[in-house]
file model02.cif (mmCIF, C-alpha atoms)
data_run
#
loop_
_atom_site.label_atom_id
_atom_site.label_comp_id
_atom_site.auth_asym_id
_atom_site.auth_seq_id
_atom_site.Cartn_x
_atom_site.Cartn_y
_atom_site.Cartn_z
CA MET A 246 0.00 0.00 0.00
CA SER A 247 1.43 3.41 -0.90
CA GLN A 248 2.08 5.86 1.90
CA THR A 249 -0.12 8.95 2.32
CA ARG A 250 1.67 11.95 0.85
CA LYS A 251 1.52 14.84 3.31
CA PHE A 252 2.21 18.52 2.75
CA VAL A 253 2.26 21.33 5.29
CA ILE A 254 1.14 24.91 4.71
CA ALA A 255 1.89 27.00 7.77
CA CYS A 256 2.18 30.50 9.08
CA ALA A 257 5.77 31.70 9.52
CA THR A 258 5.42 31.59 13.31
CA VAL A 259 3.92 28.09 13.51
CA VAL A 260 6.40 26.61 11.09
CA GLU A 261 9.21 27.52 13.53
CA GLU A 262 7.74 24.89 15.85
CA MET A 263 7.00 22.36 13.10
CA LEU A 264 10.28 22.35 11.15
CA PRO A 265 12.41 20.60 13.80
CA LEU A 266 9.84 17.77 13.86
CA LEU A 267 9.01 17.57 10.18
CA PRO A 268 10.11 14.32 8.44
CA PRO A 269 12.24 14.97 5.34
CA ASP A 270 9.63 13.49 3.01
CA VAL A 271 6.96 15.99 4.08
CA GLY A 272 7.07 19.13 1.98
CA HIS A 273 6.07 22.51 3.33
CA ARG A 274 5.22 26.03 2.32
CA ILE A 275 5.48 29.04 4.60
CA LEU A 276 2.99 31.91 4.41
CA ASP A 277 3.66 35.44 5.60
CA PHE A 278 2.93 36.04 9.27
CA GLY A 279 1.39 39.45 8.54
CA LEU A 280 -1.60 37.80 6.82
CA HIS A 281 -3.25 37.18 10.20
CA THR A 282 -4.34 40.82 10.43
CA ASP A 283 -6.40 40.52 7.24
CA PRO A 284 -8.58 37.38 7.19
CA GLY A 285 -9.63 37.94 3.56
CA LYS A 286 -6.03 38.07 2.41
CA LEU A 287 -5.11 35.07 4.55
CA ARG A 288 -7.99 33.09 2.99
CA ARG A 289 -6.86 33.97 -0.55
CA ALA A 290 -3.22 33.15 0.22
CA LEU A 291 -4.20 29.82 1.77
CA GLN A 292 -6.45 28.89 -1.15
CA GLU A 293 -3.71 29.74 -3.62
CA ALA A 294 -1.15 27.68 -1.67
CA ILE A 295 -3.57 24.74 -1.40
CA ASP A 296 -4.34 24.83 -5.13
CA ALA A 297 -0.63 24.92 -5.92
CA SER A 298 0.22 22.01 -3.60
CA SER A 299 -2.74 19.65 -3.90
CA GLY A 300 -1.29 17.76 -6.87
CA GLN A 301 1.70 16.66 -4.82
CA ALA A 302 -0.19 15.51 -1.71
CA ASP A 303 -3.05 13.33 -0.50
CA MET A 304 -3.33 15.36 2.66
CA ILE A 305 -2.54 18.98 3.47
CA VAL A 306 -1.98 19.98 7.08
CA LEU A 307 -2.63 23.65 7.79
CA GLY A 308 -0.43 25.22 10.45
CA TYR A 309 -3.21 27.57 11.48
CA GLY A 310 -6.12 27.79 13.87
CA LEU A 311 -9.35 29.64 13.20
CA CYS A 312 -7.13 32.76 12.99
CA SER A 313 -9.75 35.53 12.72
CA GLN A 314 -11.76 33.14 10.51
CA GLY A 315 -9.08 33.32 7.82
CA VAL A 316 -9.28 29.54 7.28
CA VAL A 317 -13.06 29.53 6.86
CA GLY A 318 -14.14 28.91 3.28
CA VAL A 319 -10.95 27.34 1.93
CA ARG A 320 -11.09 23.95 0.21
CA ALA A 321 -8.92 21.41 -1.57
CA THR A 322 -10.47 19.77 -4.59
CA ASP A 323 -8.55 16.51 -4.57
CA CYS A 324 -6.96 16.04 -1.16
CA THR A 325 -7.91 16.07 2.51
CA LEU A 326 -7.37 19.16 4.63
CA ILE A 327 -6.38 18.89 8.29
CA VAL A 328 -6.53 21.90 10.59
CA PRO A 329 -6.20 21.98 14.38
CA ARG A 330 -9.46 22.90 16.11
CA VAL A 331 -8.00 25.89 17.95
CA ASP A 332 -8.63 29.64 18.10
CA ASP A 333 -5.15 30.59 16.97
CA CYS A 334 -1.49 29.60 17.08
CA ILE A 335 -1.13 30.24 20.83
CA ALA A 336 -3.09 27.03 21.48
CA ILE A 337 -0.75 25.20 19.08
CA PHE A 338 2.30 26.43 21.01
CA LEU A 339 0.72 25.55 24.36
CA GLY A 340 -0.19 22.06 23.15
CA SER A 341 -3.98 22.17 23.29
CA CYS A 342 -7.06 24.30 23.27
CA SER A 343 -7.66 23.55 26.94
CA ALA A 344 -4.14 24.67 27.92
CA TYR A 345 -4.86 27.98 26.17
CA ARG A 346 -8.15 28.32 28.04
CA GLU A 347 -6.39 27.66 31.34
CA GLN A 348 -3.82 30.36 30.66
CA SER A 349 -6.51 32.77 29.58
CA GLN A 350 -8.55 32.14 32.71
CA CYS A 351 -5.51 32.61 34.89
CA GLU A 352 -4.77 36.02 33.28
CA PRO A 353 -6.99 37.25 30.43
CA GLY A 354 -4.73 40.27 29.90
CA THR A 355 -1.80 38.28 28.57
CA TYR A 356 0.28 39.09 25.53
CA TYR A 357 1.97 35.90 24.31
CA LEU A 358 5.33 35.78 22.57
CA THR A 359 7.27 32.98 20.92
CA LYS A 360 10.44 32.95 18.87
CA GLY A 361 8.37 33.15 15.70
CA TRP A 362 6.31 36.11 16.91
CA ILE A 363 9.43 37.99 18.01
CA GLU A 364 11.25 37.34 14.74
CA ALA A 365 8.25 38.26 12.60
CA GLY A 366 8.28 41.69 14.26
CA ASP A 367 4.52 42.01 14.18
CA SER A 368 3.78 42.73 17.83
CA PRO A 369 2.70 45.99 19.48
CA PHE A 370 6.26 46.22 20.80
CA ALA A 371 7.80 46.05 17.33
CA GLU A 372 5.19 48.54 16.15
CA TYR A 373 6.23 50.82 19.01
CA GLU A 374 9.77 50.89 17.63
CA ARG A 375 8.45 51.71 14.16
CA MET A 376 6.26 54.46 15.61
CA VAL A 377 9.19 56.00 17.49
CA ALA A 378 11.12 56.13 14.22
CA SER A 379 8.29 57.48 12.09
CA ARG A 380 6.22 59.67 14.45
CA GLY A 381 8.43 60.26 17.48
CA PRO A 382 8.49 58.88 21.03
CA GLU A 383 5.54 60.89 22.35
CA PHE A 384 3.17 59.56 19.71
CA ALA A 385 4.53 56.03 20.12
CA GLU A 386 4.09 56.13 23.89
CA ARG A 387 0.52 57.37 23.61
CA ILE A 388 -0.55 54.69 21.12
CA ILE A 389 1.19 51.78 22.87
CA ARG A 390 -0.60 52.72 26.11
CA VAL A 391 -3.94 52.44 24.30
CA MET A 392 -2.87 49.17 22.66
CA LEU A 393 -1.77 47.62 25.94
CA ASN A 394 -4.65 48.92 28.02
CA ASN A 395 -5.75 46.12 30.41
CA TYR A 396 -2.79 43.90 29.49
CA LYS A 397 -1.02 42.78 32.66
CA ARG A 398 1.29 39.97 31.67
CA LEU A 399 3.79 39.24 28.93
CA ALA A 400 4.24 35.50 28.61
CA LEU A 401 7.08 33.92 26.67
CA ILE A 402 6.10 30.40 25.64
CA ASN A 403 8.94 27.93 25.93
CA THR A 404 8.25 24.98 23.66
CA GLY A 405 11.73 23.60 24.20
CA GLN A 406 12.38 23.65 20.45
CA TYR A 407 15.16 26.19 20.39
CA GLU A 408 17.67 28.14 22.44
CA LEU A 409 15.58 30.66 24.30
CA GLU A 410 18.14 32.97 25.88
CA ARG A 411 18.10 35.69 23.21
CA TYR A 412 14.28 35.75 23.12
CA ARG A 413 14.09 35.62 26.90
CA ASP A 414 16.23 38.76 27.16
CA TYR A 415 14.04 40.56 24.64
CA ALA A 416 10.79 39.49 26.29
CA ARG A 417 12.00 40.36 29.78
CA ARG A 418 13.23 43.80 28.70
CA THR A 419 10.01 44.44 26.79
CA ALA A 420 7.86 43.49 29.78
CA GLU A 421 9.84 45.77 32.04
CA ARG A 422 9.75 48.65 29.56
CA PHE A 423 5.95 48.53 29.26
CA GLY A 424 5.09 47.72 32.86
CA LEU A 425 3.95 44.15 32.26
CA ARG A 426 4.58 41.17 34.51
CA TYR A 427 7.04 38.84 32.80
CA GLU A 428 6.41 35.12 32.90
CA GLU A 429 7.81 32.21 31.04
CA ILE A 430 5.27 29.47 30.51
CA GLU A 431 5.79 25.91 29.44
CA GLY A 432 4.71 25.19 25.91
CA SER A 433 4.25 21.78 24.39
CA THR A 434 4.92 20.04 21.09
CA VAL A 435 2.06 17.57 21.61
CA LEU A 436 -0.30 19.26 19.16
CA VAL A 437 2.43 19.98 16.62
CA LYS A 438 3.42 16.29 16.64
CA LYS A 439 -0.21 15.29 16.19
CA MET A 440 -0.54 17.75 13.32
CA ILE A 441 2.31 16.02 11.53
CA HIS A 442 1.78 12.38 12.47
CA GLY A 443 -1.81 12.11 13.71
CA PRO A 444 -4.02 10.83 15.13
CA TRP A 445 -6.26 13.55 13.76
CA ASP A 446 -8.87 13.12 16.43
CA ASP A 447 -11.34 15.56 18.04
CA GLU A 448 -8.59 18.14 18.32
CA PHE A 449 -8.67 18.50 14.54
CA ILE A 450 -11.05 19.37 11.78
CA VAL A 451 -10.71 16.94 8.90
CA VAL A 452 -12.17 18.21 5.65
CA GLU A 453 -12.73 15.80 2.80
CA PRO A 454 -11.77 16.72 -0.79
CA GLY A 455 -14.19 19.22 -2.28
CA GLN A 456 -15.60 20.31 1.10
CA VAL A 457 -14.90 23.72 2.62
CA ILE A 458 -13.60 24.49 6.09
CA GLU A 459 -16.55 25.85 8.03
CA LEU A 460 -16.80 28.02 11.14
CA GLY A 461 -19.17 25.72 13.05
CA PRO A 462 -16.72 22.94 13.96
CA PHE A 463 -14.35 25.49 15.51
CA LEU A 464 -17.10 26.88 17.72
CA ARG A 465 -18.37 23.46 18.73
CA ASN A 466 -15.44 23.27 21.10
CA THR A 467 -16.33 26.44 22.88
CA ILE A 468 -19.52 25.35 24.66
CA MET B 465 -13.23 77.96 2.37
CA ALA B 466 -16.67 77.07 1.08
CA ASP B 467 -18.68 74.46 2.97
CA PRO B 468 -17.93 71.49 0.66
CA GLU B 469 -14.22 72.35 0.80
CA ILE B 470 -14.29 72.56 4.60
CA ARG B 471 -16.07 69.23 4.82
CA GLN B 472 -13.53 67.69 2.46
CA ALA B 473 -10.68 69.17 4.54
CA LEU B 474 -12.09 67.52 7.67
CA ILE B 475 -12.34 64.16 5.92
CA ILE B 476 -8.84 64.35 4.43
CA HIS B 477 -7.13 65.51 7.62
CA LEU B 478 -8.83 62.90 9.78
CA ALA B 479 -7.91 60.20 7.26
CA ASP B 480 -4.34 61.56 7.40
CA LEU B 481 -4.47 61.34 11.23
CA ASP B 482 -3.74 65.06 11.60
CA GLU B 483 -5.13 65.32 15.12
CA ALA B 484 -4.31 69.00 15.82
CA TYR B 485 -5.87 70.19 12.55
CA VAL B 486 -9.02 68.08 12.96
CA LEU B 487 -9.69 69.13 16.56
CA LYS B 488 -9.12 72.81 15.76
CA LEU B 489 -11.37 72.65 12.70
CA VAL B 490 -14.14 70.85 14.60
CA GLU B 491 -13.96 73.44 17.37
CA CYS B 492 -14.30 76.28 14.83
CA LEU B 493 -17.15 74.60 12.96
CA LEU B 494 -19.11 73.91 16.14
CA ASN B 495 -18.64 77.50 17.33
CA GLU B 496 -19.86 78.72 13.95
CA GLY B 497 -23.04 76.73 14.51
CA LYS B 498 -22.45 74.01 11.93
CA ASP B 499 -24.66 70.94 12.17
CA PRO B 500 -22.96 68.39 14.49
CA LEU B 501 -24.61 65.52 12.61
CA THR B 502 -22.88 66.61 9.39
CA LEU B 503 -19.57 66.65 11.27
CA ILE B 504 -20.14 63.12 12.51
CA LYS B 505 -21.10 61.97 9.01
CA ASP B 506 -17.87 63.41 7.60
CA CYS B 507 -15.82 61.79 10.36
CA GLU B 508 -17.51 58.48 9.55
CA GLU B 509 -16.46 58.85 5.91
CA ALA B 510 -12.89 59.60 7.04
CA MET B 511 -12.89 56.51 9.27
CA CYS B 512 -13.85 54.40 6.23
CA LEU B 513 -10.82 55.81 4.40
CA VAL B 514 -8.63 54.91 7.39
CA GLY B 515 -9.99 51.34 7.25
CA GLU B 516 -9.20 51.14 3.53
CA ARG B 517 -5.65 52.38 4.12
CA TYR B 518 -5.21 49.72 6.83
CA GLU B 519 -6.40 47.03 4.43
CA LYS B 520 -3.90 48.26 1.85
CA ARG B 521 -1.20 48.14 4.54
CA GLU B 522 -0.65 51.88 4.23
CA TYR B 523 -1.48 52.06 7.94
CA TYR B 524 -0.58 49.68 10.73
CA LEU B 525 -2.72 49.01 13.79
CA SER B 526 -1.35 52.22 15.31
CA GLY B 527 -3.05 54.17 12.50
CA LEU B 528 -6.41 52.62 13.35
CA ILE B 529 -5.92 53.39 17.02
CA MET B 530 -4.89 56.98 16.35
CA ALA B 531 -7.94 57.48 14.11
CA GLY B 532 -10.10 56.07 16.92
CA GLU B 533 -8.51 58.46 19.38
CA ILE B 534 -9.24 61.47 17.16
CA PHE B 535 -12.78 60.26 16.46
CA ARG B 536 -13.42 59.76 20.18
CA GLN B 537 -12.28 63.31 20.94
CA VAL B 538 -14.44 64.73 18.14
CA MET B 539 -17.47 62.89 19.54
CA GLU B 540 -16.75 64.32 23.01
CA MET B 541 -16.55 67.84 21.53
CA VAL B 542 -19.74 67.34 19.56
CA GLN B 543 -21.75 65.93 22.49
CA PRO B 544 -22.89 69.25 24.08
CA PHE B 545 -24.05 70.50 20.67
CA MET B 546 -25.90 67.25 20.06
CA GLU B 547 -27.82 67.68 23.31
CA GLN B 548 -29.54 70.74 21.86
CA ARG B 549 -30.05 69.00 18.53
CA LEU B 550 -31.60 65.87 20.09
CA GLU B 551 -33.86 67.59 22.59
CA GLY B 552 -37.22 65.84 22.71
CA SER B 553 -36.15 62.82 20.63
CA ALA B 554 -36.12 59.30 22.02
CA SER B 555 -32.98 58.05 23.72
CA GLY B 556 -32.44 55.14 26.01
CA ARG B 557 -30.22 53.25 28.38
CA VAL B 558 -27.49 50.84 27.31
CA LEU B 559 -25.63 48.36 29.49
CA LEU B 560 -22.18 47.71 28.01
CA GLY B 561 -19.26 45.45 28.84
CA THR B 562 -16.46 43.33 27.43
CA VAL B 563 -17.36 39.73 28.20
CA GLN B 564 -15.45 37.37 30.47
CA GLY B 565 -12.09 36.18 29.15
CA ASP B 566 -11.50 39.26 27.01
CA ILE B 567 -9.95 42.56 28.02
CA HIS B 568 -10.13 44.58 24.80
CA ASN B 569 -12.01 47.82 25.10
CA ILE B 570 -10.93 50.26 22.39
CA GLY B 571 -14.01 49.65 20.24
CA LYS B 572 -16.29 49.56 23.26
CA GLY B 573 -14.89 52.91 24.40
CA ILE B 574 -15.72 54.49 21.03
CA VAL B 575 -19.24 53.01 21.07
CA GLU B 576 -19.76 54.36 24.57
CA VAL B 577 -18.77 57.91 23.58
CA ALA B 578 -20.86 57.70 20.40
CA LEU B 579 -23.92 56.48 22.33
CA ARG B 580 -23.61 59.31 24.86
CA CYS B 581 -23.23 61.73 21.99
CA TYR B 582 -26.59 60.57 20.65
CA GLY B 583 -28.24 61.04 24.03
CA PHE B 584 -28.05 57.52 25.45
CA THR B 585 -27.27 56.84 29.07
CA VAL B 586 -24.53 54.22 29.23
CA GLU B 587 -23.48 51.96 32.07
CA ASP B 588 -20.11 50.40 31.26
CA LEU B 589 -19.25 47.34 33.34
CA GLY B 590 -15.65 47.31 32.12
CA VAL B 591 -13.75 44.29 30.81
CA ASP B 592 -13.65 40.57 31.63
CA VAL B 593 -17.24 40.83 32.87
CA PRO B 594 -18.85 37.55 34.00
CA ALA B 595 -22.33 36.67 32.68
CA GLN B 596 -23.70 36.85 36.22
CA ARG B 597 -22.62 40.49 36.53
CA PHE B 598 -24.51 41.44 33.35
CA LEU B 599 -27.57 39.67 34.75
CA GLU B 600 -27.36 41.41 38.12
CA ARG B 601 -27.13 44.85 36.54
CA ALA B 602 -29.83 44.08 33.96
CA GLN B 603 -32.14 43.01 36.77
CA SER B 604 -31.42 45.87 39.16
CA ASN B 605 -31.62 48.61 36.54
CA PRO B 606 -33.10 47.22 33.31
CA PRO B 607 -31.56 48.81 30.19
CA ASP B 608 -33.15 49.18 26.75
CA VAL B 609 -30.23 47.38 25.13
CA ILE B 610 -27.42 45.16 26.37
CA GLY B 611 -24.16 45.47 24.43
CA LEU B 612 -21.63 42.64 24.72
CA SER B 613 -18.18 43.42 23.39
CA GLY B 614 -15.28 41.11 22.54
CA LEU B 615 -12.41 40.73 20.12
CA LEU B 616 -11.00 37.27 20.83
CA THR B 617 -12.56 33.98 19.71
CA ILE B 618 -12.76 33.01 23.37
CA ALA B 619 -15.25 35.88 23.80
CA TYR B 620 -17.87 34.09 21.65
CA GLU B 621 -18.25 31.45 24.34
CA SER B 622 -18.75 34.08 27.04
CA MET B 623 -21.17 36.00 24.84
CA LYS B 624 -23.21 32.83 24.29
CA GLU B 625 -23.16 32.05 28.00
CA THR B 626 -24.27 35.61 28.83
CA VAL B 627 -27.09 35.56 26.27
CA HIS B 628 -28.20 32.19 27.61
CA LEU B 629 -28.18 33.35 31.24
CA LEU B 630 -30.08 36.55 30.43
CA GLY B 631 -32.62 34.50 28.44
CA GLU B 632 -33.12 32.09 31.32
CA HIS B 633 -33.94 34.99 33.64
CA SER B 634 -36.16 37.01 31.33
CA VAL B 635 -39.31 38.24 33.04
CA PRO B 636 -42.44 36.33 31.93
CA GLY B 637 -44.86 38.55 30.03
CA LYS B 638 -42.23 41.21 29.38
CA PRO B 639 -40.23 41.42 26.14
CA ALA B 640 -36.65 40.26 26.48
CA ILE B 641 -34.00 42.99 26.53
CA PRO B 642 -32.44 43.10 23.04
CA ILE B 643 -28.80 42.05 22.97
CA MET B 644 -26.25 43.45 20.54
CA ILE B 645 -22.75 42.04 20.19
CA GLY B 646 -19.85 44.16 18.96
CA GLY B 647 -16.27 43.46 17.99
CA GLY B 648 -13.82 43.66 15.13
CA MET B 649 -14.15 40.06 13.98
CA LEU B 650 -17.90 39.49 14.28
CA ASN B 651 -20.29 38.44 11.56
CA GLU B 652 -23.76 36.96 11.09
CA ALA B 653 -22.55 33.38 11.73
CA ILE B 654 -21.04 34.36 15.08
CA CYS B 655 -24.20 36.26 15.99
CA ARG B 656 -26.29 33.14 15.29
CA PHE B 657 -23.90 31.01 17.35
CA VAL B 658 -24.05 33.44 20.26
CA GLY B 659 -27.83 33.82 19.99
CA ALA B 660 -27.71 37.63 20.09
CA ASP B 661 -30.28 39.80 18.34
CA PHE B 662 -27.89 42.17 16.57
CA TRP B 663 -24.23 42.41 15.74
CA THR B 664 -21.92 45.14 14.55
CA THR B 665 -18.28 45.86 13.83
CA ASP B 666 -18.89 49.61 13.58
CA ALA B 667 -19.46 52.06 16.46
CA LEU B 668 -21.91 54.34 14.67
CA GLU B 669 -23.82 51.40 13.24
CA GLY B 670 -24.09 50.22 16.88
CA VAL B 671 -25.65 53.57 17.76
CA ARG B 672 -28.13 53.25 14.87
CA ILE B 673 -29.10 49.75 16.04
CA CYS B 674 -29.76 51.07 19.56
CA GLN B 675 -31.78 53.96 18.14
CA ARG B 676 -33.95 51.56 16.11
CA ILE B 677 -34.48 49.33 19.17
CA VAL B 678 -35.56 52.26 21.35
CA GLN B 679 -37.73 53.72 18.58
CA LYS B 680 -39.48 50.39 18.09
CA ALA B 681 -40.09 49.99 21.83
CA THR B 682 -41.44 53.56 22.02
CA ASN B 683 -43.82 52.90 19.12
CA ASN B 684 -45.10 49.74 20.80
#

call {"tool": "encode", "arguments": {"input": "model02.cif", "output": "C-alpha cells"}}
result
Amino acid sequence: MSQTRKFVIACATVVEEMLPLLPPDVGHRILDFGLHTDPGKLRRALQEAIDASSGQADMIVLGYGLCSQGVVGVRATDCTLIVPRVDDCIAIFLGSCSAYREQSQCEPGTYYLTKGWIEAGDSPFAEYERMVASRGPEFAERIIRVMLNNYKRLALINTGQYELERYRDYARRTAERFGLRYEEIEGSTVLVKKMIHGPWDDEFIVVEPGQVIELGPFLRNTI
Amino acid sequence: MADPEIRQALIIHLADLDEAYVLKLVECLLNEGKDPLTLIKDCEEAMCLVGERYEKREYYLSGLIMAGEIFRQVMEMVQPFMEQRLEGSASGRVLLGTVQGDIHNIGKGIVEVALRCYGFTVEDLGVDVPAQRFLERAQSNPPDVIGLSGLLTIAYESMKETVHLLGEHSVPGKPAIPIMIGGGMLNEAICRFVGADFWTTDALEGVRICQRIVQKATNN
C-alpha cells in the first residue's frame, strides 16, 4: 500500500515549531505572518497555496487555527485538509485548546510571545519601535498605552524547540519597559506532533476533498 | 473655504491622522453653529478611508488606534451641541461590557462615547465581565439594550453564556431585553452562534441599532 503523501502549509510563526519535527519526506510552504491581520487576504493566500500544492499531496496539514476566521471557506479539490481545532497559534504552542483556556482564565490580559512572533516583528512592541522612528516617542508612547490597556502579563512560551536565551532577554526587557509582569510558561509540542503524524482526532477538523472548512466545527469546542 | 471644501478638509485631515488640525477645525465649525450631525457623518467617511488604508497596509494598527482616538475626541466635543439637537427625541439606556475572558475595550470605548453623543445613558461594566454580573445589573436597573463586546474567539463562548443566562432569567410577560454584540471580527454566523439579536463591527452602526431598538419599543 502506498504511503499517504503529506504537505504542510503554515504561518511563519507556527512553522518555527514544526520544522524541527518535520520528516524529510513531508514538503512545506510558509505563508507570511502578517496575513493574520487581514482574514480575507489570509484566505486567498491559503487557497492559492492549497491549489498549488494539492497535486503533490493526498493530505494537506494547515499550520493555522481559526485565525480571525481566515481559514473559513478554503477547500482542496482533490486532497484532505487537516486543521487543528483551535482559536489561533497560541493554542498550538501551548499544546492544546484547553491549555490555552487555562492560561486565559488565569490572566486574560496576557500578551503571548514565541520565537516566531518575536522574529516576525509584528507585535505591538515592534510597532512601538516603528512608531518611534516614524512619528516620534511621544506619539509612540501614547498609542502603545492604548494598545496595551488592560494587558497585565507578557508570557514567553517555551516549547523547548530552540535556544531561548536571546528571546528571553528581549521578552524580559520588553515586559519591564511597558510595565507588564514577565512570565515564562511551558509550551508543548504535543499538538504539533499530532498535526504532523496524527491521530487527527477531536482536536482536529478533517475536511474531505471538495468540502470547505466551516466556522461551526471550531465553535463546537467552545460550549 | 466654502462648505464642501471645509467638509472635504475635515475628511482628508482625519484620514491623514492630523489630530491637531481636525480638533481645531471641529472646534471652529461647532462655534460657527455648523450641524454636528454633518460633522459626525464626515468623520464616519474619514474613518472608512482609514480602514481602507489599513487594508492596503498603508497604515498599521497604530493608524487605526490613532484614528479612533481622534474620532473619540471629536465625539466628546460634539456631544454638548448634540444635546440641543436631540432635545425631545427618544434616547435610552445601554448596558455595556467586554465579556469574560476578554480585556479589549478600544471599540467599546468608542461606542460608549458615540452612544452618549446621541443622548443615550450608558453603564459600562468594564472588561472581563462575567455573565452573572450582566444579569445582576440588567435586573437591578433594566436597560433598553445590552451590548456585549469582545475581540477574541474566546469571547464568543462568554457571549453565548451571557445571552443564555439573560434569556433564562427574562421576566415572563415582558419582552426580552435586546442584545447586541460588537467586535472587530464578528459576523452573522457568530451572531447566530451566540444567539444575540444584533451584531456590529462599527461604532456608529451600533448607535443606529440602539436607536432603532428604542424607537421600536417607544412605538409599541

call {"tool": "residues_around", "arguments": {"input": "model02.cif", "residues": "Gln456 in chain A", "least_positions_apart": "5", "cutoff": "8 Å", "atoms": "all atoms listed in the file", "output": "list in words"}}
result
Arg320, Ala321 and Thr322 of chain A

call {"tool": "residues_around", "arguments": {"input": "model02.cif", "residues": "Arg387 in chain A", "least_positions_apart": "3", "cutoff": "12 Å", "atoms": "all atoms listed in the file", "output": "PyMOL selection string"}}
result
(chain A and resi 373+376-377+380-384+390-394+423) or (chain B and resi 526+529-530+533)

call {"tool": "interface_residues", "arguments": {"input": "model02.cif", "of": "chain B", "to": "chain A", "cutoff": "10 Å", "atoms": "all atoms listed in the file", "output": "ChimeraX atom specification"}}
result
/B:518-521,524-530,533,564-570,591-592,615-622,624-625,648-650,653-654,657-658

call {"tool": "resolve_selection", "arguments": {"input": "model02.cif", "expression": "the PyMOL selection byres ((chain B and resi 485-496) around 9)", "output": "PyMOL selection string"}}
result
chain B and resi 470+473-475+477-478+481-484+497-500+503+534+537-538+541-542+545

call {"tool": "residues_around", "arguments": {"input": "model02.cif", "residues": "range 548-551 of chain B", "least_positions_apart": "5", "cutoff": "10 Å", "atoms": "all atoms listed in the file", "output": "PDB file with C-alpha atoms, keeping the file's coordinate frame"}}
result
ATOM      1  CA  ASP B 499     -24.660  70.940  12.170  1.00  0.00           C
ATOM      2  CA  PRO B 500     -22.960  68.390  14.490  1.00  0.00           C
ATOM      3  CA  LEU B 501     -24.610  65.520  12.610  1.00  0.00           C
ATOM      4  CA  GLN B 543     -21.750  65.930  22.490  1.00  0.00           C
ATOM      5  CA  CYS B 581     -23.230  61.730  21.990  1.00  0.00           C
ATOM      6  CA  TYR B 582     -26.590  60.570  20.650  1.00  0.00           C
ATOM      7  CA  GLY B 583     -28.240  61.040  24.030  1.00  0.00           C
TER       8      GLY B 583
END

call {"tool": "closest_residue", "arguments": {"input": "model02.cif", "among": "B:Met511, B:Ala578, B:Ala681, B:Ala602", "to": "Asp480 in chain B", "atoms": "all atoms listed in the file"}}
result
B:Met511

call {"tool": "resolve_selection", "arguments": {"input": "model02.cif", "expression": "the PyMOL selection byres ((chain B and resi 588) around 8)", "output": "list of chain:residue names"}}
result
B:Leu559, B:Leu560, B:Gly561, B:Glu576, B:Val586, B:Glu587, B:Leu589, B:Gly590

call {"tool": "resolve_selection", "arguments": {"input": "model02.cif", "expression": "the PyMOL selection byres ((chain A and resi 451) around 7)", "output": "list in words"}}
result
Leu326, Ile327, Val328, Phe449, Ile450, Val452 and Glu453 of chain A

call {"tool": "atom_distance", "arguments": {"input": "model02.cif", "atom1": "CA of Leu291 in chain A", "atom2": "CA of Leu307 in chain A"}}
result
8.8 Å

call {"tool": "residues_around", "arguments": {"input": "model02.cif", "residues": "Phe252 in chain A", "least_positions_apart": "4", "cutoff": "10 Å", "atoms": "all atoms listed in the file", "output": "short mmCIF file (atom, residue, chain, number, x, y, z; two decimals) with C-alpha atoms, in the coordinates of the input"}}
result
data_model
loop_
_atom_site.label_atom_id
_atom_site.label_comp_id
_atom_site.auth_asym_id
_atom_site.auth_seq_id
_atom_site.Cartn_x
_atom_site.Cartn_y
_atom_site.Cartn_z
CA ASP A 270 9.63 13.49 3.01
CA VAL A 271 6.96 15.99 4.08
CA GLY A 272 7.07 19.13 1.98
CA HIS A 273 6.07 22.51 3.33
CA ARG A 274 5.22 26.03 2.32
CA ILE A 295 -3.57 24.74 -1.40
CA SER A 298 0.22 22.01 -3.60
CA SER A 299 -2.74 19.65 -3.90
CA GLN A 301 1.70 16.66 -4.82
CA ALA A 302 -0.19 15.51 -1.71
CA ASP A 303 -3.05 13.33 -0.50
CA MET A 304 -3.33 15.36 2.66
CA ILE A 305 -2.54 18.98 3.47
CA VAL A 306 -1.98 19.98 7.08
CA LEU A 307 -2.63 23.65 7.79
CA LEU A 326 -7.37 19.16 4.63
CA ILE A 441 2.31 16.02 11.53
#

call {"tool": "atom_distance", "arguments": {"input": "model02.cif", "atom1": "CA of Arg411 in chain A", "atom2": "CA of Tyr356 in chain A"}}
result
18.3 Å

call {"tool": "residues_around", "arguments": {"input": "model02.cif", "residues": "Val671 in chain B", "least_positions_apart": "5", "cutoff": "12 Å", "atoms": "all atoms listed in the file", "output": "VMD selection string"}}
result
chain B and resid 555 to 558 572 574 to 586 609 611 644 646 662 to 666 676 to 678

call {"tool": "atom_distance", "arguments": {"input": "model02.cif", "atom1": "CA of Arg417 in chain A", "atom2": "CA of Gly366 in chain A"}}
result
16.0 Å

call {"tool": "closest_residue", "arguments": {"input": "model02.cif", "among": "B:Met539, B:Leu599, B:Val635, B:Ala510", "to": "Ala479 in chain B", "atoms": "only C-alpha atoms"}}
result
B:Ala510
